[in-house]
Number of protein chains: 2
Amino acid sequence: MGRWEPDARGRLARVALELYTERGFEQTTAEDIAERAGVTERTFFRHFADKREVLFDGSAALQTHLVDAIASAPAGLPPIEVVGRAFAGAGALLEERRDFARRRAAVIAATPALQERELLKLATMAAAAAEALRARGVADPAAGLAAQVGVAAFTTGFELWVADASPDGLAATIEGALADLRAVTAP
Amino acid sequence: MGRWEPDARGRLARVALELYTERGFEQTTAEDIAERAGVTERTFFRHFADKREVLFDGSAALQTHLVDAIASAPAGLPPIEVVGRAFAGAGALLEERRDFARRRAAVIAATPALQERELLKLATMAAAAAEALRARGVADPAAGLAAQVGVAAFTTGFELWVADASPDGLAATIEGALADLRAVTAP
DNA sequence: GTCGTGATGACAGTTGCTGACATCAGTTCG
DNA sequence: CGAACTGATGTCAGCAACTGTCATCACGAC
């Protein structure tokens, strides 16, 4: 056995969600989390840039999948279809972790500071998606607009799914939200 | 003459933008701002909830205009047209203050913490716009999606306008961005 | 076995922000 | 006319979010 228990980072992330759920984000100090995870506060801040970031550890992986999906979509597919498939595919990654996603979403919904961070992550994902579309030859401003449309469909579908209002799973719900959006904007 | 110079709030907001521009947001302390504005740090935090909020003093007014524009749009106008006119109208409010808007945008673009706050303000505006659409009888999820589409057009148009890439003014550029978006999503 | 190396602990320091109480010009009201 | 009231500010103490720096020590390479 090593000098310390392994996976301090994972423990910190799990404990943070626990405590944010139990007491709320503002009522939880970084020291509380570190203590319950069996490390010091300093170690918490070595693993996570701040108290918010601990809830967003998976977002880089999600973005990678999204960008890969856009890059590897069939040539000639219209940008909006590419975006729809890519965001639905990103949603599929969350499909297995609905319970976790719901707890996490509840904490974020209750905390403006965490909403800010989530919006920044989504905006970063949109920027990455736009860049991936440009790499496929999609012009500006269409690339940026298509990416933002994808995020709108993603978040709308996610909310329905978390609220238990989508019978067919997250990926299908995201595609459904995109279809609704296209209906709303149709000339 | 009163006991103190009048308009401490306005002075703080102006000085904050100055200092954020000169030294950057993180390199500016609340005390720096207060001192140059001739008040104490405590007074800064009485007027603004935090160091970021001082750059977003106008957003409530913008949101009010947006909601009013949606509420007073001609009956029977399709939601997407309502949204387009409302966000273009909100843009028209900024038309006169391009220089200020540009300085402010530069600081925000350089500072992730400020981008977060801006995204939260935009999301709040979108939520308010969605609610105003529902009050007109627009169903869910169309109301929320139309509002998000409006924000996408607004931000895209704003970026072009700030970058000097829009010959016809902000309102027209926002309408143009919305037209581009509709073209991208068109079946 | 010696020597990195990487993750952690210990500790001091700055800054953002909050609560509690005092001050005092201008206003209102008896 | 003066007393009570109000609103904006100042003063001060304090917590919590981070950050920089140095020490520690299991583990693996050599």
# chains A, B, ... in the order shown; residues from 1 in each chain; ligands from 1
$ residues_around --residues "range 170-187 of chain B" --least-positions-apart "4" --cutoff "10 Å" --atoms "only C-alpha atoms (C1' of nucleotides)" --output "number ranges by chain"
A: 78-81, 140-146, 148-149, 178-179, 181-187; B: 80-81, 83-96, 98, 149-162, 165-166
$ closest_atom_pairs --of "chain A" --to "chain D" --cutoff "8 Å" --atoms "only C-alpha atoms (C1' of nucleotides)" --output "Markdown table"
| residue | atom | partner | partner_atom | distance |
| --- | --- | --- | --- | --- |
| A:Gly2 | CA | D:DA26 | C1' | 6.8 |
| A:Arg3 | CA | D:DA26 | C1' | 5.7 |
| A:Thr29 | CA | D:DA16 | C1' | 7.3 |
| A:Phe45 | CA | D:DC18 | C1' | 7.9 |
| A:Asp50 | CA | D:DC18 | C1' | 7.7 |
$ interface_residues --of "chain A" --to "chain C" --cutoff "10 Å" --atoms "only C-alpha atoms (C1' of nucleotides)" --output "PyMOL selection string"
chain A and resi 3-4+8+39-43+46
$ write_last_selection --atoms "N, CA, C and O atoms" --output "mmCIF file, in the first residue's frame"
data_model
loop_
_atom_site.group_PDB
_atom_site.id
_atom_site.type_symbol
_atom_site.label_atom_id
_atom_site.label_comp_id
_atom_site.auth_asym_id
_atom_site.auth_seq_id
_atom_site.Cartn_x
_atom_site.Cartn_y
_atom_site.Cartn_z
ATOM 1 N N ARG A 3 1.866 5.394 0.222
ATOM 2 C CA ARG A 3 1.950 6.303 1.358
ATOM 3 C C ARG A 3 0.590 6.926 1.667
ATOM 4 O O ARG A 3 0.271 7.246 2.792
ATOM 5 N N TRP A 4 -0.183 7.147 0.616
ATOM 6 C CA TRP A 4 -1.512 7.719 0.818
ATOM 7 C C TRP A 4 -2.556 6.841 0.125
ATOM 8 O O TRP A 4 -2.231 6.081 -0.789
ATOM 9 N N ALA A 8 -6.969 10.481 -4.733
ATOM 10 C CA ALA A 8 -7.427 11.610 -3.928
ATOM 11 C C ALA A 8 -8.365 12.500 -4.748
ATOM 12 O O ALA A 8 -9.377 12.989 -4.238
ATOM 13 N N VAL A 39 -7.574 14.546 3.080
ATOM 14 C CA VAL A 39 -6.390 15.286 2.633
ATOM 15 C C VAL A 39 -6.462 16.694 3.217
ATOM 16 O O VAL A 39 -7.394 17.011 3.964
ATOM 17 N N THR A 40 -5.497 17.537 2.879
ATOM 18 C CA THR A 40 -5.536 18.912 3.369
ATOM 19 C C THR A 40 -6.168 19.829 2.323
ATOM 20 O O THR A 40 -6.293 19.485 1.155
ATOM 21 N N GLU A 41 -6.539 21.002 2.794
ATOM 22 C CA GLU A 41 -7.129 21.991 1.895
ATOM 23 C C GLU A 41 -6.182 22.283 0.725
ATOM 24 O O GLU A 41 -6.598 22.411 -0.428
ATOM 25 N N ARG A 42 -4.892 22.373 1.023
ATOM 26 C CA ARG A 42 -3.919 22.675 -0.028
ATOM 27 C C ARG A 42 -3.979 21.652 -1.152
ATOM 28 O O ARG A 42 -3.828 21.979 -2.333
ATOM 29 N N THR A 43 -4.173 20.397 -0.781
ATOM 30 C CA THR A 43 -4.250 19.341 -1.790
ATOM 31 C C THR A 43 -5.506 19.503 -2.649
ATOM 32 O O THR A 43 -5.481 19.260 -3.861
ATOM 33 N N ARG A 46 -4.681 21.846 -5.247
ATOM 34 C CA ARG A 46 -3.733 21.333 -6.239
ATOM 35 C C ARG A 46 -4.472 20.571 -7.332
ATOM 36 O O ARG A 46 -4.055 20.561 -8.481
#
$ atom_distance --atom1 "CA of Leu114 in chain B" --atom2 "CA of Glu116 in chain A"
9.8 Å
$ closest_residue --among "B:Ala147, B:Leu120, B:Ala30, B:Ala60" --to "chain A" --atoms "only C-alpha atoms"
B:Leu120
$ atom_distance --atom1 "CA of Ala37 in chain A" --atom2 "CA of Arg103 in chain A"
19.1 Å
$ atom_distance --atom1 "CA of Gly58 in chain A" --atom2 "CA of Glu131 in chain A"
20.5 Å
$ closest_residue --among "A:Ala163, A:Leu119, A:Leu17, A:Leu133" --to "chain B" --atoms "only C-alpha atoms"
A:Leu119
$ residues_around --residues "range 18-21 of chain B" --least-positions-apart "4" --cutoff "12 Å" --atoms "only C-alpha atoms (C1' of nucleotides)" --output "PyMOL selection string"
chain B and resi 11-14+25-37+51-52+54-55+100+102-111+114
$ write_last_selection --atoms "C-alpha atoms" --output "PDB file, in the first residue's frame"
ATOM      1  CA  ARG B  11     -17.739  56.993 -10.357  1.00  0.00           C
ATOM      2  CA  LEU B  12     -17.000  53.479  -9.156  1.00  0.00           C
ATOM      3  CA  ALA B  13     -18.254  51.960 -12.401  1.00  0.00           C
ATOM      4  CA  ARG B  14     -16.200  54.332 -14.532  1.00  0.00           C
ATOM      5  CA  PHE B  25      -9.124  42.620 -13.732  1.00  0.00           C
ATOM      6  CA  GLU B  26      -7.088  40.340 -11.454  1.00  0.00           C
ATOM      7  CA  GLN B  27      -4.402  42.941 -10.898  1.00  0.00           C
ATOM      8  CA  THR B  28      -6.988  45.443  -9.700  1.00  0.00           C
ATOM      9  CA  THR B  29      -8.172  45.251  -6.094  1.00  0.00           C
ATOM     10  CA  ALA B  30     -11.498  46.516  -4.879  1.00  0.00           C
ATOM     11  CA  GLU B  31      -9.558  48.940  -2.724  1.00  0.00           C
ATOM     12  CA  ASP B  32      -7.774  50.338  -5.789  1.00  0.00           C
ATOM     13  CA  ILE B  33     -11.107  51.163  -7.363  1.00  0.00           C
ATOM     14  CA  ALA B  34     -12.576  52.621  -4.205  1.00  0.00           C
ATOM     15  CA  GLU B  35      -9.536  54.758  -3.581  1.00  0.00           C
ATOM     16  CA  ARG B  36      -9.476  56.289  -7.053  1.00  0.00           C
ATOM     17  CA  ALA B  37     -13.215  56.915  -6.790  1.00  0.00           C
ATOM     18  CA  LYS B  51     -15.854  42.950  -8.316  1.00  0.00           C
ATOM     19  CA  ARG B  52     -17.453  41.625 -11.505  1.00  0.00           C
ATOM     20  CA  VAL B  54     -19.543  46.624 -11.517  1.00  0.00           C
ATOM     21  CA  LEU B  55     -19.232  46.048 -15.258  1.00  0.00           C
ATOM     22  CA  PHE B 100     -17.712  52.264 -24.204  1.00  0.00           C
ATOM     23  CA  ARG B 102     -15.795  48.160 -27.122  1.00  0.00           C
ATOM     24  CA  ARG B 103     -13.614  48.947 -24.123  1.00  0.00           C
ATOM     25  CA  ARG B 104     -15.862  46.904 -21.907  1.00  0.00           C
ATOM     26  CA  ALA B 105     -15.919  43.990 -24.341  1.00  0.00           C
ATOM     27  CA  ALA B 106     -12.119  43.981 -24.500  1.00  0.00           C
ATOM     28  CA  VAL B 107     -11.814  43.642 -20.738  1.00  0.00           C
ATOM     29  CA  ILE B 108     -14.389  40.871 -20.632  1.00  0.00           C
ATOM     30  CA  ALA B 109     -12.765  39.008 -23.507  1.00  0.00           C
ATOM     31  CA  ALA B 110      -9.481  39.028 -21.588  1.00  0.00           C
ATOM     32  CA  THR B 111     -10.948  37.705 -18.339  1.00  0.00           C
ATOM     33  CA  LEU B 114     -15.956  38.213 -16.439  1.00  0.00           C
TER      34      LEU B 114
END
$ select_by_dssp --residues "chain B" --states "helix (DSSP H, G or I)" --output "PyMOL selection string"
chain B and resi 8-23+30-37+41-47+53-55+59-71+79-109+112-135+142-162+170-185
$ closest_residue --among "B:Gly10, B:Arg117, B:Ala71, B:His65" --to "Glu53 in chain B" --atoms "only C-alpha atoms"
B:Arg117
